[in-house]
file model-v7.cif (mmCIF, C-alpha atoms)
data_target
#
loop_
_atom_site.label_atom_id
_atom_site.label_comp_id
_atom_site.auth_asym_id
_atom_site.auth_seq_id
_atom_site.Cartn_x
_atom_site.Cartn_y
_atom_site.Cartn_z
CA MET A 175 41.00 -136.88 7.76
CA CYS A 176 43.49 -134.43 6.34
CA ARG A 177 46.07 -135.37 8.99
CA PHE A 178 45.40 -139.08 8.47
CA PHE A 179 45.86 -138.91 4.69
CA SER A 180 48.70 -136.35 4.90
CA VAL A 181 46.73 -133.83 2.83
CA SER A 182 46.77 -130.09 3.47
CA ARG A 183 43.46 -128.47 4.43
CA SER A 184 43.81 -125.89 1.66
CA GLY A 185 44.46 -128.63 -0.88
CA TYR A 186 41.37 -130.54 0.27
CA TYR A 187 39.05 -127.51 -0.01
CA CYS A 188 40.54 -126.66 -3.41
CA TYR A 189 39.63 -130.19 -4.53
CA VAL A 190 36.09 -129.83 -3.14
CA LYS A 191 35.57 -126.64 -5.14
CA ARG A 192 36.59 -128.46 -8.35
CA ILE A 193 34.14 -131.34 -7.88
CA GLY A 194 31.53 -131.24 -10.60
CA ASN A 195 33.31 -128.51 -12.54
CA PRO A 196 34.25 -129.29 -16.16
CA GLU A 197 37.90 -129.77 -17.07
CA LYS A 198 39.48 -126.37 -17.69
CA HIS A 199 41.03 -127.53 -20.95
CA GLN A 200 38.25 -129.84 -22.05
CA GLN A 201 38.12 -128.42 -25.60
CA ALA A 202 41.89 -128.70 -25.96
CA VAL A 203 41.88 -132.32 -24.78
CA LYS A 204 39.15 -133.14 -27.29
CA LEU A 205 41.18 -131.55 -30.11
CA ILE A 206 44.37 -133.32 -29.03
CA ASP A 207 42.55 -136.66 -29.07
CA GLU A 208 41.13 -135.82 -32.51
CA CYS A 209 44.59 -134.83 -33.75
CA GLN A 210 46.24 -138.05 -32.54
CA LYS A 211 43.53 -140.18 -34.13
CA LYS A 212 43.97 -138.40 -37.45
CA THR A 213 47.74 -138.77 -37.39
CA ASN A 214 47.82 -142.29 -35.95
CA ARG A 215 49.48 -140.92 -32.79
CA THR A 216 52.58 -139.71 -34.62
CA TYR A 217 52.51 -136.08 -33.43
CA ASP A 218 54.64 -134.88 -30.53
CA TYR A 219 53.51 -131.92 -28.42
CA ARG A 220 55.15 -129.39 -30.77
CA ARG A 221 53.11 -130.56 -33.77
CA VAL A 222 50.01 -130.88 -31.60
CA LYS A 223 50.48 -127.21 -30.67
CA GLU A 224 50.45 -126.30 -34.37
CA TYR A 225 47.23 -128.30 -34.76
CA LEU A 226 45.62 -126.55 -31.77
CA ASP A 227 46.72 -123.11 -33.00
CA SER A 228 45.15 -123.79 -36.39
CA ASN A 229 41.90 -124.63 -34.60
CA GLY A 230 41.88 -121.47 -32.53
CA VAL A 231 43.09 -122.98 -29.25
CA VAL A 232 46.33 -121.36 -28.09
CA LEU A 233 48.10 -123.00 -25.15
CA ASN A 234 51.58 -123.02 -23.72
CA PRO A 235 53.62 -126.02 -25.02
CA LYS A 236 54.22 -127.18 -21.43
CA THR A 237 50.47 -127.22 -20.81
CA ILE A 238 49.93 -129.26 -23.96
CA LEU A 239 52.58 -131.77 -22.89
CA ARG A 240 51.00 -132.03 -19.42
CA LEU A 241 47.56 -132.70 -20.93
CA MET A 242 48.96 -135.31 -23.30
CA ASN A 243 50.63 -137.04 -20.36
CA LYS A 244 47.54 -136.84 -18.20
CA TYR A 245 45.15 -138.27 -20.79
CA ASP A 246 47.55 -140.79 -22.34
CA LEU A 247 47.74 -138.98 -25.68
CA LEU A 248 51.50 -138.97 -26.20
CA SER A 249 53.02 -139.94 -29.54
CA GLU A 250 53.69 -143.65 -30.00
CA ILE A 251 56.64 -143.07 -32.32
CA ARG A 252 59.77 -144.72 -30.93
CA ARG A 253 62.18 -142.15 -29.54
CA ARG A 254 65.77 -142.18 -30.61
CA HIS A 255 67.99 -143.62 -27.92
CA LYS A 256 71.49 -142.45 -27.31
CA TYR A 257 73.75 -144.95 -28.99
CA ARG A 258 76.22 -147.04 -27.05
CA VAL A 259 79.22 -148.67 -28.63
CA MET A 260 80.85 -151.13 -26.27
CA SER A 261 84.54 -152.02 -26.47
CA GLN A 262 84.98 -149.62 -29.38
CA GLN A 263 86.46 -146.16 -29.64
CA LEU A 264 84.13 -143.34 -30.64
CA HIS A 265 85.65 -140.88 -33.09
CA ARG A 266 84.37 -137.33 -33.23
CA TYR A 267 85.74 -134.73 -35.61
CA PRO A 268 85.95 -130.92 -35.77
CA ASN A 269 83.34 -129.05 -37.76
CA LEU A 270 85.44 -128.19 -40.80
CA LEU A 271 82.43 -127.26 -42.92
CA ASN A 272 81.07 -124.75 -40.39
CA ARG A 273 78.14 -123.79 -42.66
CA ASP A 274 80.39 -122.77 -45.53
CA PHE A 275 78.50 -124.52 -48.32
CA SER A 276 80.54 -123.02 -51.17
CA ALA A 277 82.97 -125.20 -53.13
CA ASN A 278 85.35 -124.11 -55.88
CA ARG A 279 85.72 -127.50 -57.55
CA PRO A 280 84.16 -130.95 -57.64
CA ASN A 281 85.14 -133.34 -54.83
CA GLU A 282 86.17 -130.58 -52.46
CA LYS A 283 83.25 -130.80 -50.00
CA TRP A 284 80.85 -133.70 -49.65
CA VAL A 285 77.96 -134.11 -47.22
CA THR A 286 76.48 -137.44 -46.24
CA ASP A 287 73.49 -138.73 -44.30
CA ILE A 288 71.00 -141.61 -43.97
CA SER A 289 67.23 -141.45 -44.40
CA TYR A 290 64.27 -143.82 -44.20
CA ILE A 291 62.01 -144.99 -47.02
CA PHE A 292 58.87 -146.65 -45.65
CA THR A 293 57.31 -149.52 -47.61
CA LYS A 294 54.70 -152.14 -46.79
CA GLN A 295 57.54 -154.65 -46.67
CA GLY A 296 59.44 -152.62 -44.07
CA VAL A 297 61.95 -149.75 -43.88
CA LEU A 298 64.56 -149.27 -46.58
CA TYR A 299 67.54 -147.16 -45.49
CA LEU A 300 69.13 -144.79 -48.00
CA SER A 301 72.67 -143.47 -47.57
CA ILE A 302 73.85 -140.68 -49.90
CA ILE A 303 76.86 -138.49 -50.57
CA ARG A 304 76.15 -135.07 -52.11
CA ASP A 305 78.80 -132.81 -53.63
CA LEU A 306 78.44 -129.16 -52.62
CA TYR A 307 80.08 -127.95 -55.83
CA ASP A 308 77.12 -128.84 -58.05
CA ASN A 309 74.71 -130.53 -55.58
CA SER A 310 74.97 -133.81 -57.49
CA ILE A 311 74.55 -137.16 -55.77
CA VAL A 312 78.02 -138.65 -56.05
CA ALA A 313 77.05 -142.05 -54.66
CA TYR A 314 74.22 -143.75 -52.80
CA ASN A 315 73.50 -147.09 -51.23
CA THR A 316 70.43 -148.80 -49.80
CA GLY A 317 69.88 -151.54 -47.25
CA THR A 318 67.29 -153.05 -44.97
CA GLU A 319 69.50 -152.49 -41.93
CA GLN A 320 71.07 -149.25 -40.71
CA THR A 321 74.55 -150.63 -40.21
CA VAL A 322 77.99 -149.10 -40.54
CA ASN A 323 78.49 -151.10 -43.75
CA LEU A 324 75.70 -149.08 -45.39
CA VAL A 325 77.83 -145.96 -44.90
CA LEU A 326 81.16 -147.61 -45.70
CA ASN A 327 79.88 -148.98 -49.00
CA THR A 328 78.57 -145.52 -49.96
CA VAL A 329 81.99 -143.97 -49.36
CA LYS A 330 83.72 -146.78 -51.28
CA ALA A 331 81.35 -146.34 -54.23
CA ALA A 332 81.98 -142.58 -54.29
CA MET A 333 85.76 -142.97 -54.20
CA LYS A 334 85.66 -145.64 -56.91
CA LYS A 335 83.56 -143.39 -59.15
CA GLU A 336 85.31 -140.04 -58.59
CA LYS A 337 88.85 -138.89 -59.24
CA VAL A 338 89.77 -137.01 -56.08
CA THR A 339 92.93 -135.00 -56.60
CA GLY A 340 92.83 -132.41 -53.81
CA GLN A 341 91.81 -132.20 -50.18
CA LEU A 342 88.34 -133.61 -49.61
CA GLN A 343 86.05 -132.85 -46.66
CA LEU A 344 83.27 -135.32 -45.87
CA HIS A 345 80.71 -133.83 -43.50
CA SER A 346 78.20 -135.83 -41.44
CA ASP A 347 76.19 -135.69 -38.25
CA GLN A 348 77.13 -137.63 -35.10
CA GLY A 349 75.27 -140.80 -36.07
CA ALA A 350 76.66 -144.04 -34.69
CA GLN A 351 77.97 -145.11 -38.10
CA TYR A 352 80.02 -141.94 -38.51
CA VAL A 353 81.71 -142.09 -35.11
CA SER A 354 82.64 -145.76 -35.52
CA HIS A 355 86.22 -146.94 -35.79
CA ALA A 356 85.47 -148.59 -39.15
CA TYR A 357 84.42 -145.22 -40.61
CA TYR A 358 87.54 -143.60 -39.14
CA ARG A 359 89.82 -146.23 -40.71
CA LEU A 360 88.14 -145.93 -44.11
CA THR A 361 88.36 -142.13 -44.27
CA GLN A 362 92.02 -142.29 -43.25
CA SER A 363 92.77 -144.87 -45.95
CA TYR A 364 91.32 -142.52 -48.59
CA ASN A 365 92.98 -139.43 -47.08
CA ILE A 366 89.53 -137.89 -46.49
CA SER A 367 89.14 -135.16 -43.85
CA PRO A 368 86.03 -136.03 -41.83
CA SER A 369 83.90 -133.13 -40.62
CA MET A 370 81.08 -133.41 -38.11
CA SER A 371 78.19 -131.29 -36.85
CA SER A 372 77.93 -130.68 -33.13
CA ARG A 373 75.23 -132.67 -31.33
CA GLY A 374 71.76 -131.19 -31.71
CA ASN A 375 72.88 -128.85 -34.52
CA PRO A 376 71.24 -129.88 -37.82
CA PHE A 377 72.18 -126.79 -39.83
CA ASP A 378 75.61 -127.86 -41.06
CA ASN A 379 74.21 -131.01 -42.65
CA ALA A 380 71.14 -129.26 -44.04
CA LEU A 381 72.07 -129.83 -47.70
CA ALA A 382 72.17 -133.59 -47.25
CA GLU A 383 68.79 -133.50 -45.52
CA LYS A 384 67.46 -131.12 -48.17
CA PHE A 385 68.04 -133.74 -50.87
CA PHE A 386 66.01 -136.28 -48.90
CA SER A 387 63.21 -133.73 -48.66
CA ILE A 388 63.30 -133.19 -52.44
CA LEU A 389 63.37 -136.92 -53.14
CA LYS A 390 60.45 -137.67 -50.87
CA THR A 391 58.33 -134.70 -51.94
CA GLU A 392 58.81 -135.14 -55.68
CA CYS A 393 58.92 -138.95 -55.79
CA ILE A 394 58.44 -141.14 -52.71
CA TYR A 395 55.36 -139.48 -51.17
CA ARG A 396 53.56 -139.59 -54.52
CA GLN A 397 53.66 -143.39 -54.61
CA LYS A 398 52.23 -146.26 -52.64
CA ILE A 399 55.33 -148.37 -52.14
CA ASP A 400 54.74 -152.05 -51.49
CA THR A 401 58.19 -153.63 -51.73
CA PHE A 402 61.88 -152.89 -51.31
CA LYS A 403 62.36 -153.61 -55.02
CA GLN A 404 59.80 -150.96 -55.97
CA ALA A 405 61.43 -148.43 -53.64
CA GLN A 406 64.87 -149.20 -55.08
CA ARG A 407 63.62 -148.68 -58.62
CA LEU A 408 62.04 -145.34 -57.69
CA ILE A 409 65.25 -144.19 -56.00
CA ASP A 410 67.41 -145.25 -58.96
CA ASP A 411 65.17 -143.50 -61.48
CA TYR A 412 64.81 -140.31 -59.46
CA ILE A 413 68.51 -139.89 -58.68
CA TRP A 414 69.33 -140.35 -62.37
CA PHE A 415 66.72 -137.71 -63.22
CA TYR A 416 67.97 -135.41 -60.45
CA ASN A 417 71.61 -135.62 -61.55
CA ASN A 418 71.09 -135.51 -65.30
CA GLU A 419 67.90 -133.58 -66.03
CA ARG A 420 66.47 -131.69 -63.05
CA ILE A 421 67.32 -127.98 -63.46
CA GLN A 422 68.93 -126.22 -60.49
CA LEU A 423 67.53 -122.72 -60.00
CA LYS A 424 70.94 -121.29 -59.15
CA THR A 425 72.82 -122.63 -62.18
CA LYS A 426 69.85 -123.02 -64.60
CA GLN A 427 71.08 -126.50 -65.50
CA ALA A 428 71.29 -130.06 -64.19
CA PRO A 429 74.05 -130.89 -61.67
CA LEU A 430 76.09 -133.16 -63.93
CA ILE A 431 76.04 -130.58 -66.72
CA THR A 432 77.58 -128.08 -64.29
CA ARG A 433 80.10 -130.72 -63.30
CA SER A 434 81.04 -131.52 -66.89
CA LEU A 435 81.81 -127.85 -67.59
CA PHE A 436 84.36 -127.57 -64.78
CA VAL A 437 87.87 -126.82 -66.03
CA SER A 438 90.66 -127.50 -63.56
#

call {"tool": "encode", "arguments": {"input": "model-v7.cif", "output": "structure tokens"}}
result
Amino acid sequence: MCRFFSVSRSGYYCYVKRIGNPEKHQQAVKLIDECQKKTNRTYDYRRVKEYLDSNGVVLNPKTILRLMNKYDLLSEIRRRHKYRVMSQQLHRYPNLLNRDFSANRPNEKWVTDISYIFTKQGVLYLSIIRDLYDNSIVAYNTGTEQTVNLVLNTVKAAMKKEKVTGQLQLHSDQGAQYVSHAYYRLTQSYNISPSMSSRGNPFDNALAEKFFSILKTECIYRQKIDTFKQAQRLIDDYIWFYNNERIQLKTKQAPLITRSLFVS
């Protein structure tokens, strides 16, 4: 039989010994299933490991991933796909920021990024530009589609609002919008020096992402958002509060107060 089915004798007898024996990781599988039900199957194996650890079950991450594969317990969140831009040049830029988050004047170093605001009506995308001099939000823009125009309009709004007199760095990640030719043309027209994090390195753009974390923790996650209009109103109100009233621990004052005191 072993020769007929191309199975090794040792493998067959190993299988026979396992018949009737309980699954070695039965408790872990039960906890993984419980975890995915609680989180609506949004956890990947790294977060599942944290859940298992907190419940006294310590397993190697590779073992957890294997069990999730075996028992169909993988996350159902859509993975990010590598972007493809056909018939269009991709522009990548040196990392000018290089984790130097200090700025001596307004409009010297900006960071930019896009985040997601979930509503019952759908996803609202938020694009922001943050100035590293005072951490103020220089400009922001929202849209129901994550297009390059979302980013371009944010840059245009920032340049219309601010008087940029010296060299300006604008740092981003390698998102499809930021490597597009349209973004390249716009930054060149404004004499902006684009800066870009290396792929898989989130640290250089941490201050842009940090603002999203603050916004969501202090505002968005505390609400049940039904519509885009409601989300837009919350964003408008919070960014005004953040810029004008929210005290920064480092400066002991709101960002725009720090900005107003700058003397060139």

call {"tool": "residues_near_point", "arguments": {"input": "model-v7.cif", "point": "(68.0, -134.8, -64.6)", "cutoff": "12 Å", "atoms": "all atoms listed in the file", "output": "short mmCIF file (atom, residue, chain, number, x, y, z; two decimals) with C-alpha atoms, in the coordinates of the input"}}
result
data_model
loop_
_atom_site.label_atom_id
_atom_site.label_comp_id
_atom_site.auth_asym_id
_atom_site.auth_seq_id
_atom_site.Cartn_x
_atom_site.Cartn_y
_atom_site.Cartn_z
CA SER A 310 74.97 -133.81 -57.49
CA ILE A 311 74.55 -137.16 -55.77
CA ASP A 410 67.41 -145.25 -58.96
CA ASP A 411 65.17 -143.50 -61.48
CA TYR A 412 64.81 -140.31 -59.46
CA ILE A 413 68.51 -139.89 -58.68
CA TRP A 414 69.33 -140.35 -62.37
CA PHE A 415 66.72 -137.71 -63.22
CA TYR A 416 67.97 -135.41 -60.45
CA ASN A 417 71.61 -135.62 -61.55
CA ASN A 418 71.09 -135.51 -65.30
CA GLU A 419 67.90 -133.58 -66.03
CA ARG A 420 66.47 -131.69 -63.05
CA ILE A 421 67.32 -127.98 -63.46
CA GLN A 422 68.93 -126.22 -60.49
CA LYS A 426 69.85 -123.02 -64.60
CA GLN A 427 71.08 -126.50 -65.50
CA ALA A 428 71.29 -130.06 -64.19
CA PRO A 429 74.05 -130.89 -61.67
CA LEU A 430 76.09 -133.16 -63.93
CA ILE A 431 76.04 -130.58 -66.72
CA THR A 432 77.58 -128.08 -64.29
#

call {"tool": "residues_around", "arguments": {"input": "model-v7.cif", "residues": "segment 385-392 of chain A", "least_positions_apart": "4", "cutoff": "12 Å", "atoms": "all atoms listed in the file", "output": "PyMOL selection string"}}
result
chain A and resi 285-292+299-306+309-311+314+379-381+396-397+399+405+408-417+420

call {"tool": "resolve_selection", "arguments": {"input": "model-v7.cif", "expression": "the PyMOL selection byres ((chain A and resi 366) around 12)", "output": "compact mmCIF listing (two decimals) with C-alpha atoms, in the frame of the given file"}}
result
# COMPACT_ATOMS: atom_id res chain seq x y z
CA TYR A 267 85.74 -134.73 -35.61
CA LEU A 270 85.44 -128.19 -40.80
CA ASN A 281 85.14 -133.34 -54.83
CA GLU A 282 86.17 -130.58 -52.46
CA LYS A 283 83.25 -130.80 -50.00
CA TRP A 284 80.85 -133.70 -49.65
CA VAL A 329 81.99 -143.97 -49.36
CA LYS A 330 83.72 -146.78 -51.28
CA ALA A 332 81.98 -142.58 -54.29
CA MET A 333 85.76 -142.97 -54.20
CA VAL A 338 89.77 -137.01 -56.08
CA THR A 339 92.93 -135.00 -56.60
CA GLY A 340 92.83 -132.41 -53.81
CA GLN A 341 91.81 -132.20 -50.18
CA LEU A 342 88.34 -133.61 -49.61
CA GLN A 343 86.05 -132.85 -46.66
CA LEU A 344 83.27 -135.32 -45.87
CA HIS A 345 80.71 -133.83 -43.50
CA TYR A 357 84.42 -145.22 -40.61
CA TYR A 358 87.54 -143.60 -39.14
CA ARG A 359 89.82 -146.23 -40.71
CA LEU A 360 88.14 -145.93 -44.11
CA THR A 361 88.36 -142.13 -44.27
CA GLN A 362 92.02 -142.29 -43.25
CA SER A 363 92.77 -144.87 -45.95
CA TYR A 364 91.32 -142.52 -48.59
CA ASN A 365 92.98 -139.43 -47.08
CA SER A 367 89.14 -135.16 -43.85
CA PRO A 368 86.03 -136.03 -41.83
CA SER A 369 83.90 -133.13 -40.62

call {"tool": "residues_around", "arguments": {"input": "model-v7.cif", "residues": "Asp347 of chain A", "least_positions_apart": "6", "cutoff": "8 Å", "atoms": "all atoms listed in the file", "output": "MDAnalysis selection string"}}
result
chainID A and resid 287 370:373 376 379

call {"tool": "closest_residue", "arguments": {"input": "model-v7.cif", "among": "A:Tyr225, A:Tyr187, A:Phe178, A:Tyr219", "to": "Leu241 of chain A", "atoms": "only C-alpha atoms"}}
result
A:Tyr219

call {"tool": "residues_around", "arguments": {"input": "model-v7.cif", "residues": "Lys223 of chain A", "least_positions_apart": "6", "cutoff": "8 Å", "atoms": "all atoms listed in the file", "output": "ChimeraX atom specification"}}
result
/A:232-233,235,238

call {"tool": "residues_around", "arguments": {"input": "model-v7.cif", "residues": "Arg433 of chain A", "least_positions_apart": "4", "cutoff": "8 Å", "atoms": "all atoms listed in the file", "output": "PyMOL selection string"}}
result
chain A and resi 280+307-308+429

call {"tool": "atom_distance", "arguments": {"input": "model-v7.cif", "atom1": "atom CA of Leu271 of chain A", "atom2": "atom CA of Glu383 of chain A"}}
result
15.2 Å

call {"tool": "closest_residue", "arguments": {"input": "model-v7.cif", "among": "A:Asn243, A:Gln404, A:Gln351, A:Asn234", "to": "Leu324 of chain A", "atoms": "only C-alpha atoms"}}
result
A:Gln351

call {"tool": "atom_distance", "arguments": {"input": "model-v7.cif", "atom1": "atom CA of Ser228 of chain A", "atom2": "atom CA of Cys209 of chain A"}}
result
11.4 Å

call {"tool": "atom_distance", "arguments": {"input": "model-v7.cif", "atom1": "atom CA of Gln320 of chain A", "atom2": "atom CA of Gln348 of chain A"}}
result
14.3 Å

call {"tool": "residues_around", "arguments": {"input": "model-v7.cif", "residues": "Tyr217 of chain A", "least_positions_apart": "4", "cutoff": "9 Å", "atoms": "only C-alpha atoms", "output": "PDB file with C-alpha atoms, keeping the file's coordinate frame"}}
result
ATOM      1  CA  CYS A 209      44.590-134.830 -33.750  1.00  0.00           C
ATOM      2  CA  GLN A 210      46.240-138.050 -32.540  1.00  0.00           C
ATOM      3  CA  THR A 213      47.740-138.770 -37.390  1.00  0.00           C
ATOM      4  CA  ARG A 221      53.110-130.560 -33.770  1.00  0.00           C
ATOM      5  CA  VAL A 222      50.010-130.880 -31.600  1.00  0.00           C
ATOM      6  CA  LEU A 248      51.500-138.970 -26.200  1.00  0.00           C
ATOM      7  CA  SER A 249      53.020-139.940 -29.540  1.00  0.00           C
ATOM      8  CA  GLU A 250      53.690-143.650 -30.000  1.00  0.00           C
ATOM      9  CA  ILE A 251      56.640-143.070 -32.320  1.00  0.00           C
TER      10      ILE A 251
END

call {"tool": "closest_residue", "arguments": {"input": "model-v7.cif", "among": "A:Gln406, A:Asn214, A:Ser346, A:Ser434", "to": "Leu298 of chain A", "atoms": "all atoms listed in the file"}}
result
A:Gln406
